file work.cif (mmCIF, C-alpha atoms)
data_my_file
loop_
_atom_site.label_atom_id
_atom_site.label_comp_id
_atom_site.auth_asym_id
_atom_site.auth_seq_id
_atom_site.Cartn_x
_atom_site.Cartn_y
_atom_site.Cartn_z
CA MET A 285 0.00 0.00 0.00
CA PRO A 286 1.52 3.39 -0.96
CA LYS A 287 2.56 5.71 1.87
CA ILE A 288 0.17 8.63 2.42
CA VAL A 289 2.08 11.91 2.50
CA ASP A 290 0.77 14.77 4.62
CA HIS A 291 1.72 17.65 2.32
CA ASP A 292 0.90 20.40 4.83
CA GLN A 293 3.07 18.71 7.45
CA ARG A 294 5.89 18.34 4.95
CA ARG A 295 5.74 22.05 4.12
CA ILE A 296 6.01 22.87 7.82
CA GLU A 297 8.97 20.50 8.22
CA LEU A 298 10.71 22.20 5.31
CA VAL A 299 10.01 25.64 6.74
CA GLN A 300 11.32 24.62 10.15
CA ALA A 301 14.46 23.26 8.49
CA THR A 302 14.84 26.54 6.58
CA TRP A 303 14.49 28.47 9.81
CA ARG A 304 17.23 26.40 11.49
CA ILE A 305 19.61 26.67 8.52
CA ILE A 306 19.20 30.45 8.20
CA ALA A 307 19.69 30.90 11.95
CA ARG A 308 22.82 28.74 11.77
CA TYR A 309 24.44 29.81 8.48
CA GLY A 310 22.59 32.88 7.22
CA ILE A 311 20.56 33.25 4.03
CA ASP A 312 23.51 32.46 1.74
CA GLY A 313 24.08 29.19 3.52
CA ALA A 314 20.46 28.22 3.14
CA THR A 315 20.75 26.33 -0.12
CA MET A 316 17.94 24.05 -1.22
CA ARG A 317 20.34 21.12 -0.78
CA GLU A 318 21.17 22.12 2.80
CA ILE A 319 17.51 22.64 3.64
CA ALA A 320 16.52 19.27 2.20
CA ALA A 321 19.30 17.56 4.15
CA GLU A 322 18.29 19.32 7.36
CA ALA A 323 14.69 18.17 6.88
CA GLY A 324 15.80 14.63 6.06
CA PHE A 325 14.54 14.71 2.47
CA ALA A 326 16.15 14.13 -0.90
CA ASN A 327 17.12 17.38 -2.66
CA GLY A 328 14.43 16.95 -5.34
CA ALA A 329 11.70 16.55 -2.71
CA LEU A 330 11.51 20.33 -2.21
CA LYS A 331 10.59 21.31 -5.75
CA PRO A 332 6.92 20.20 -5.68
CA TYR A 333 6.39 22.31 -2.56
CA PHE A 334 8.69 25.28 -3.16
CA PRO A 335 10.03 25.65 -6.71
CA THR A 336 12.54 28.32 -5.62
CA LYS A 337 14.26 29.45 -2.44
CA ASP A 338 12.33 32.72 -2.64
CA ASP A 339 9.05 30.79 -2.51
CA LEU A 340 10.29 28.95 0.55
CA LEU A 341 11.46 32.16 2.23
CA ALA A 342 8.05 33.83 1.73
CA PHE A 343 6.26 30.80 3.16
CA ALA A 344 8.72 30.68 6.07
CA PHE A 345 8.05 34.35 6.91
CA GLY A 346 4.30 33.69 6.93
CA TYR A 347 4.83 30.65 9.13
CA VAL A 348 6.98 32.57 11.62
CA PHE A 349 4.47 35.42 11.71
CA ASP A 350 1.63 32.95 12.40
CA GLN A 351 3.65 31.24 15.14
CA THR A 352 4.35 34.60 16.76
CA ASN A 353 0.68 35.51 16.67
CA ARG A 354 -0.28 32.20 18.27
CA ARG A 355 2.12 32.87 21.13
CA VAL A 356 0.78 36.41 21.44
CA ALA A 357 -2.82 35.19 21.61
CA ASP A 358 -1.93 32.76 24.41
CA SER A 359 0.08 35.38 26.30
CA ILE A 360 -2.45 38.24 26.23
CA ARG A 361 -5.57 36.18 26.92
CA GLY A 362 -7.36 37.81 29.86
CA HIS A 363 -5.11 40.89 29.84
CA SER A 364 -5.61 44.44 28.58
CA GLY A 365 -3.99 47.85 28.32
CA LEU A 366 -0.27 48.25 28.94
CA ASP A 367 -0.02 44.81 30.53
CA ALA A 368 -1.31 43.19 27.34
CA LEU A 369 0.91 45.45 25.24
CA ARG A 370 4.02 44.38 27.16
CA ARG A 371 3.08 40.72 26.91
CA TYR A 372 2.55 41.16 23.17
CA CYS A 373 5.96 42.78 22.70
CA MET A 374 7.72 40.08 24.70
CA GLU A 375 6.59 37.51 22.12
CA VAL A 376 8.18 39.57 19.32
CA LEU A 377 11.27 40.98 21.02
CA PRO A 378 14.38 38.86 20.25
CA VAL A 379 15.10 37.79 23.84
CA THR A 380 14.75 33.99 23.64
CA ASP A 381 16.35 31.37 21.42
CA VAL A 382 13.10 31.16 19.43
CA THR A 383 12.60 34.88 18.90
CA ILE A 384 16.29 35.44 18.09
CA SER A 385 16.07 32.72 15.43
CA GLU A 386 12.91 34.35 14.09
CA ALA A 387 14.75 37.68 13.83
CA ARG A 388 17.50 36.03 11.81
CA LEU A 389 14.89 34.72 9.40
CA VAL A 390 12.92 37.94 8.92
CA ILE A 391 15.99 40.08 8.21
CA PRO A 392 16.79 38.35 4.88
CA PHE A 393 13.06 38.38 4.11
CA TRP A 394 13.09 42.18 4.41
CA GLN A 395 16.00 42.35 1.99
CA LYS A 396 14.03 40.35 -0.57
CA ALA A 397 10.88 42.41 0.06
CA LEU A 398 12.65 45.61 -1.00
CA ASN A 399 12.45 44.52 -4.64
CA ASP A 400 9.53 42.09 -4.56
CA PRO A 401 6.03 43.63 -4.42
CA ASP A 402 4.42 40.37 -3.26
CA LYS A 403 6.80 40.01 -0.32
CA ALA A 404 6.47 43.71 0.48
CA ALA A 405 2.68 43.34 0.56
CA LEU A 406 2.94 40.29 2.83
CA HIS A 407 5.10 42.25 5.23
CA ALA A 408 2.84 45.31 5.12
CA ASP A 409 -0.26 43.22 5.85
CA SER A 410 1.49 41.53 8.77
CA MET A 411 2.64 44.80 10.29
CA GLU A 412 -0.78 46.40 9.86
CA ARG A 413 -2.25 43.63 12.01
CA TRP A 414 0.26 44.44 14.75
CA ARG A 415 -0.41 48.18 14.45
CA VAL A 416 -4.16 47.65 14.86
CA ASP A 417 -3.53 45.53 17.96
CA PHE A 418 -1.18 48.15 19.42
CA MET A 419 -3.77 50.87 18.87
CA ARG A 420 -6.42 48.78 20.63
CA PHE A 421 -4.26 48.18 23.70
CA LEU A 422 -3.21 51.81 23.87
CA ALA A 423 -6.85 52.90 23.73
CA GLU A 424 -7.63 50.48 26.55
CA ALA A 425 -4.70 51.84 28.55
CA ARG A 426 -5.85 55.45 28.10
CA GLU A 427 -9.37 54.50 29.14
CA ALA A 428 -7.94 52.87 32.27
CA GLY A 429 -5.80 55.95 33.07
CA GLU A 430 -2.52 54.13 32.40
CA VAL A 431 -1.29 56.45 29.64
CA HIS A 432 -0.51 60.10 30.40
CA THR A 433 1.71 61.20 27.51
CA GLN A 434 0.34 63.81 25.11
CA ALA A 435 1.67 61.85 22.13
CA SER A 436 -1.12 60.32 20.06
CA ASP A 437 -1.74 56.59 20.05
CA ASP A 438 -0.75 56.54 16.38
CA VAL A 439 2.65 58.03 17.26
CA LEU A 440 3.09 55.60 20.16
CA ALA A 441 2.20 52.62 17.98
CA GLY A 442 4.74 53.80 15.41
CA GLN A 443 7.44 54.14 18.07
CA LEU A 444 6.75 50.66 19.33
CA MET A 445 6.80 49.17 15.84
CA SER A 446 10.11 50.88 15.07
CA PHE A 447 11.57 49.62 18.33
CA LEU A 448 10.50 46.00 17.80
CA LEU A 449 11.67 45.81 14.19
CA GLY A 450 14.89 47.64 14.99
CA ALA A 451 15.54 45.31 17.91
CA GLN A 452 15.48 42.35 15.54
CA ILE A 453 18.39 43.91 13.65
CA THR A 454 20.40 45.13 16.64
CA ALA A 455 20.00 41.88 18.58
CA SER A 456 21.28 39.97 15.54
CA LEU A 457 24.17 42.28 14.63
CA THR A 458 25.28 43.89 17.90
CA PRO A 459 24.18 41.53 20.68
CA ASP A 460 26.81 42.83 23.13
CA HIS A 461 24.94 46.13 23.34
CA HIS A 462 21.46 44.74 22.79
CA SER A 463 21.28 41.71 25.06
CA PRO A 464 17.90 40.27 26.06
CA GLU A 465 18.18 42.04 29.41
CA GLN A 466 18.94 45.36 27.75
CA LEU A 467 16.11 45.03 25.23
CA ILE A 468 13.62 44.23 27.98
CA GLU A 469 14.80 47.28 29.92
CA HIS A 470 14.37 49.42 26.78
CA LEU A 471 10.78 48.18 26.47
CA ASP A 472 10.02 48.73 30.14
CA SER A 473 11.59 52.20 30.02
CA TRP A 474 9.33 53.13 27.10
CA LEU A 475 6.28 51.82 28.98
CA ARG A 476 7.25 53.87 32.03
CA MET A 477 7.61 57.01 29.90
CA VAL A 478 4.20 56.39 28.32
CA GLY A 479 2.63 56.06 31.75
CA ALA A 480 4.48 58.92 33.45
CA ASP A 481 2.60 62.05 34.49
CA SER A 482 3.56 65.09 32.42
#

call {"tool": "encode", "arguments": {"input": "work.cif", "output": "structure tokens"}}
result
Amino acid sequence: MPKIVDHDQRRIELVQATWRIIARYGIDGATMREIAAEAGFANGALKPYFPTKDDLLAFAFGYVFDQTNRRVADSIRGHSGLDALRRYCMEVLPVTDVTISEARLVIPFWQKALNDPDKAALHADSMERWRVDFMRFLAEAREAGEVHTQASDDVLAGQLMSFLLGAQITASLTPDHHSPEQLIEHLDSWLRMVGADS
């Protein structure tokens, strides 16, 4: 009887292998051959799922984004305002082995997105979802009297987005000055400034 292949599971296995290879060797080291070997498949087994490395990279970004959002949903359940916002950020901030590996995957994705409208749109849609969430938590925090700054919620959401995306770069390239402890303190310092009386 022929073996039944779970194609969705195989795609996930390939994406997870891609993630590990990029984290280990960088985007240039992530050849289709290396990825196939890491996943335990023959080199030709990738082509039916991902004809090119770019296809695989786009799928991997979507997978990482979905995984992040699942962690966020679990972390913020039952929380609101600045507490929920901090919990949200902690699932994105590169302060664990998982989130540092995710940062190393999204950086080469950004490079590709600069000249690829489809990848740029995927990134923009993903970031818009985060921005909407940030705005909701900031509105909750203002309603609860947790936010005292005169800066608008739109400005605050933009600051937070810039910090999180920038942290993925600095944690990857200059970890001595952007350690997990330092990044968490940067986040908490921003939250204190947002909540401080004028």

call {"tool": "atom_distance", "arguments": {"input": "work.cif", "atom1": "CA of Leu398 in chain A", "atom2": "CA of Lys337 in chain A"}}
result
16.3 Å

call {"tool": "resolve_selection", "arguments": {"input": "work.cif", "expression": "the PyMOL selection byres ((chain A and resi 401-417) around 8)", "output": "ChimeraX atom specification"}}
result
/A:342,346,349,393-394,396-400,418-421,441-442,445

call {"tool": "atom_distance", "arguments": {"input": "work.cif", "atom1": "CA of Glu427 in chain A", "atom2": "CA of Asp472 in chain A"}}
result
20.3 Å

call {"tool": "closest_residue", "arguments": {"input": "work.cif", "among": "A:Thr433, A:Gln443, A:Gln300, A:Ser463", "to": "Met477 in chain A", "atoms": "only C-alpha atoms"}}
result
A:Thr433

call {"tool": "atom_distance", "arguments": {"input": "work.cif", "atom1": "CA of Arg361 in chain A", "atom2": "CA of Leu444 in chain A"}}
result
20.5 Å

call {"tool": "resolve_selection", "arguments": {"input": "work.cif", "expression": "the PyMOL selection byres ((chain A and resi 307-318) around 9)", "output": "count of residues only"}}
result
24

call {"tool": "residues_around", "arguments": {"input": "work.cif", "residues": "Phe447 in chain A", "least_positions_apart": "5", "cutoff": "9 Å", "atoms": "all atoms listed in the file", "output": "list of chain:residue names"}}
result
A:Gly442, A:Gln452, A:His470, A:Leu471

call {"tool": "resolve_selection", "arguments": {"input": "work.cif", "expression": "the PyMOL selection byres ((chain A and resi 435) around 12)", "output": "JSON, numbers by chain"}}
result
{"A": [422, 426, 431, 432, 433, 434, 436, 437, 438, 439, 440, 441, 442, 443, 477, 478, 479, 482]}

call {"tool": "write_last_selection", "arguments": {"input": "work.cif", "atoms": "C-alpha atoms", "output": "tab-separated table (two decimals), in the frame of the given file"}}
result
chain	number	residue	atom	x	y	z
A	422	LEU	CA	-3.21	51.81	23.87
A	426	ARG	CA	-5.85	55.45	28.10
A	431	VAL	CA	-1.29	56.45	29.64
A	432	HIS	CA	-0.51	60.10	30.40
A	433	THR	CA	1.71	61.20	27.51
A	434	GLN	CA	0.34	63.81	25.11
A	436	SER	CA	-1.12	60.32	20.06
A	437	ASP	CA	-1.74	56.59	20.05
A	438	ASP	CA	-0.75	56.54	16.38
A	439	VAL	CA	2.65	58.03	17.26
A	440	LEU	CA	3.09	55.60	20.16
A	441	ALA	CA	2.20	52.62	17.98
A	442	GLY	CA	4.74	53.80	15.41
A	443	GLN	CA	7.44	54.14	18.07
A	477	MET	CA	7.61	57.01	29.90
A	478	VAL	CA	4.20	56.39	28.32
A	479	GLY	CA	2.63	56.06	31.75
A	482	SER	CA	3.56	65.09	32.42

call {"tool": "axis_aligned_box", "arguments": {"input": "work.cif", "around": "range 400-409 of chain A", "padding_each_side": "6 Å", "output": "lines of an AutoDock Vina configuration file"}}
result
center_x = 4.6
center_y = 42.7
center_z = 0.6
size_x = 21.8
size_y = 17.3
size_z = 22.4

call {"tool": "closest_residue", "arguments": {"input": "work.cif", "among": "A:Leu340, A:Ile468, A:Ile453, A:Pro332", "to": "Glu375 in chain A", "atoms": "all atoms listed in the file"}}
result
A:Ile468

call {"tool": "build_atoms", "arguments": {"input": "work.cif", "residues": "range 335-346 of chain A", "atoms": "all heavy atoms", "output": "PDB file, in the coordinates of the input"}}
result
ATOM      1  N   PRO A 335       9.185  25.699  -5.516  1.00  0.00           N
ATOM      2  CA  PRO A 335      10.030  25.650  -6.710  1.00  0.00           C
ATOM      3  C   PRO A 335      11.336  26.430  -6.585  1.00  0.00           C
ATOM      4  O   PRO A 335      12.340  26.065  -7.180  1.00  0.00           O
ATOM      5  CB  PRO A 335       9.136  26.254  -7.796  1.00  0.00           C
ATOM      6  CG  PRO A 335       7.742  26.040  -7.305  1.00  0.00           C
ATOM      7  CD  PRO A 335       7.824  26.147  -5.807  1.00  0.00           C
ATOM      8  N   THR A 336      11.330  27.522  -5.792  1.00  0.00           N
ATOM      9  CA  THR A 336      12.540  28.320  -5.620  1.00  0.00           C
ATOM     10  C   THR A 336      12.748  28.623  -4.138  1.00  0.00           C
ATOM     11  O   THR A 336      11.826  28.500  -3.320  1.00  0.00           O
ATOM     12  CB  THR A 336      12.448  29.664  -6.370  1.00  0.00           C
ATOM     13  OG1 THR A 336      11.474  30.501  -5.709  1.00  0.00           O
ATOM     14  CG2 THR A 336      12.049  29.459  -7.825  1.00  0.00           C
ATOM     15  N   LYS A 337      13.954  29.063  -3.829  1.00  0.00           N
ATOM     16  CA  LYS A 337      14.260  29.450  -2.440  1.00  0.00           C
ATOM     17  C   LYS A 337      13.432  30.665  -2.027  1.00  0.00           C
ATOM     18  O   LYS A 337      13.032  30.786  -0.862  1.00  0.00           O
ATOM     19  CB  LYS A 337      15.747  29.728  -2.285  1.00  0.00           C
ATOM     20  CG  LYS A 337      16.164  29.897  -0.834  1.00  0.00           C
ATOM     21  CD  LYS A 337      17.670  29.797  -0.644  1.00  0.00           C
ATOM     22  CE  LYS A 337      18.372  31.058  -1.036  1.00  0.00           C
ATOM     23  NZ  LYS A 337      19.807  31.035  -0.657  1.00  0.00           N
ATOM     24  N   ASP A 338      13.157  31.564  -2.953  1.00  0.00           N
ATOM     25  CA  ASP A 338      12.330  32.720  -2.640  1.00  0.00           C
ATOM     26  C   ASP A 338      10.920  32.299  -2.211  1.00  0.00           C
ATOM     27  O   ASP A 338      10.329  32.880  -1.297  1.00  0.00           O
ATOM     28  CB  ASP A 338      12.237  33.667  -3.842  1.00  0.00           C
ATOM     29  CG  ASP A 338      13.407  34.637  -3.897  1.00  0.00           C
ATOM     30  OD1 ASP A 338      14.278  34.566  -3.012  1.00  0.00           O
ATOM     31  OD2 ASP A 338      13.449  35.461  -4.822  1.00  0.00           O
ATOM     32  N   ASP A 339      10.364  31.301  -2.893  1.00  0.00           N
ATOM     33  CA  ASP A 339       9.050  30.790  -2.510  1.00  0.00           C
ATOM     34  C   ASP A 339       9.090  30.248  -1.087  1.00  0.00           C
ATOM     35  O   ASP A 339       8.168  30.478  -0.288  1.00  0.00           O
ATOM     36  CB  ASP A 339       8.603  29.677  -3.464  1.00  0.00           C
ATOM     37  CG  ASP A 339       8.372  30.166  -4.878  1.00  0.00           C
ATOM     38  OD1 ASP A 339       7.941  31.333  -5.039  1.00  0.00           O
ATOM     39  OD2 ASP A 339       8.622  29.398  -5.826  1.00  0.00           O
ATOM     40  N   LEU A 340      10.134  29.525  -0.782  1.00  0.00           N
ATOM     41  CA  LEU A 340      10.290  28.950   0.550  1.00  0.00           C
ATOM     42  C   LEU A 340      10.463  30.033   1.604  1.00  0.00           C
ATOM     43  O   LEU A 340       9.875  29.964   2.696  1.00  0.00           O
ATOM     44  CB  LEU A 340      11.488  27.996   0.551  1.00  0.00           C
ATOM     45  CG  LEU A 340      11.808  27.231   1.832  1.00  0.00           C
ATOM     46  CD1 LEU A 340      10.587  26.532   2.388  1.00  0.00           C
ATOM     47  CD2 LEU A 340      12.910  26.226   1.566  1.00  0.00           C
ATOM     48  N   LEU A 341      11.237  31.072   1.283  1.00  0.00           N
ATOM     49  CA  LEU A 341      11.460  32.160   2.230  1.00  0.00           C
ATOM     50  C   LEU A 341      10.154  32.898   2.536  1.00  0.00           C
ATOM     51  O   LEU A 341       9.877  33.230   3.691  1.00  0.00           O
ATOM     52  CB  LEU A 341      12.499  33.130   1.663  1.00  0.00           C
ATOM     53  CG  LEU A 341      12.936  34.277   2.576  1.00  0.00           C
ATOM     54  CD1 LEU A 341      13.574  33.741   3.847  1.00  0.00           C
ATOM     55  CD2 LEU A 341      13.903  35.203   1.854  1.00  0.00           C
ATOM     56  N   ALA A 342       9.337  33.146   1.511  1.00  0.00           N
ATOM     57  CA  ALA A 342       8.050  33.830   1.730  1.00  0.00           C
ATOM     58  C   ALA A 342       7.144  32.987   2.614  1.00  0.00           C
ATOM     59  O   ALA A 342       6.496  33.502   3.534  1.00  0.00           O
ATOM     60  CB  ALA A 342       7.378  34.112   0.391  1.00  0.00           C
ATOM     61  N   PHE A 343       7.093  31.687   2.347  1.00  0.00           N
ATOM     62  CA  PHE A 343       6.260  30.800   3.160  1.00  0.00           C
ATOM     63  C   PHE A 343       6.793  30.760   4.600  1.00  0.00           C
ATOM     64  O   PHE A 343       6.015  30.766   5.561  1.00  0.00           O
ATOM     65  CB  PHE A 343       6.232  29.401   2.562  1.00  0.00           C
ATOM     66  CG  PHE A 343       5.210  28.497   3.184  1.00  0.00           C
ATOM     67  CD1 PHE A 343       3.912  28.438   2.689  1.00  0.00           C
ATOM     68  CD2 PHE A 343       5.531  27.699   4.279  1.00  0.00           C
ATOM     69  CE1 PHE A 343       2.959  27.604   3.268  1.00  0.00           C
ATOM     70  CE2 PHE A 343       4.583  26.867   4.861  1.00  0.00           C
ATOM     71  CZ  PHE A 343       3.304  26.819   4.350  1.00  0.00           C
ATOM     72  N   ALA A 344       8.119  30.734   4.740  1.00  0.00           N
ATOM     73  CA  ALA A 344       8.720  30.680   6.070  1.00  0.00           C
ATOM     74  C   ALA A 344       8.387  31.939   6.870  1.00  0.00           C
ATOM     75  O   ALA A 344       8.101  31.861   8.068  1.00  0.00           O
ATOM     76  CB  ALA A 344      10.239  30.523   5.953  1.00  0.00           C
ATOM     77  N   PHE A 345       8.405  33.118   6.215  1.00  0.00           N
ATOM     78  CA  PHE A 345       8.050  34.350   6.910  1.00  0.00           C
ATOM     79  C   PHE A 345       6.606  34.267   7.409  1.00  0.00           C
ATOM     80  O   PHE A 345       6.310  34.604   8.556  1.00  0.00           O
ATOM     81  CB  PHE A 345       8.216  35.563   6.010  1.00  0.00           C
ATOM     82  CG  PHE A 345       7.733  36.843   6.655  1.00  0.00           C
ATOM     83  CD1 PHE A 345       8.537  37.531   7.549  1.00  0.00           C
ATOM     84  CD2 PHE A 345       6.469  37.342   6.383  1.00  0.00           C
ATOM     85  CE1 PHE A 345       8.085  38.695   8.159  1.00  0.00           C
ATOM     86  CE2 PHE A 345       6.006  38.499   6.983  1.00  0.00           C
ATOM     87  CZ  PHE A 345       6.822  39.185   7.873  1.00  0.00           C
ATOM     88  N   GLY A 346       5.701  33.828   6.530  1.00  0.00           N
ATOM     89  CA  GLY A 346       4.300  33.690   6.930  1.00  0.00           C
ATOM     90  C   GLY A 346       4.144  32.733   8.093  1.00  0.00           C
ATOM     91  O   GLY A 346       3.357  32.978   9.020  1.00  0.00           O
TER      92      GLY A 346
END
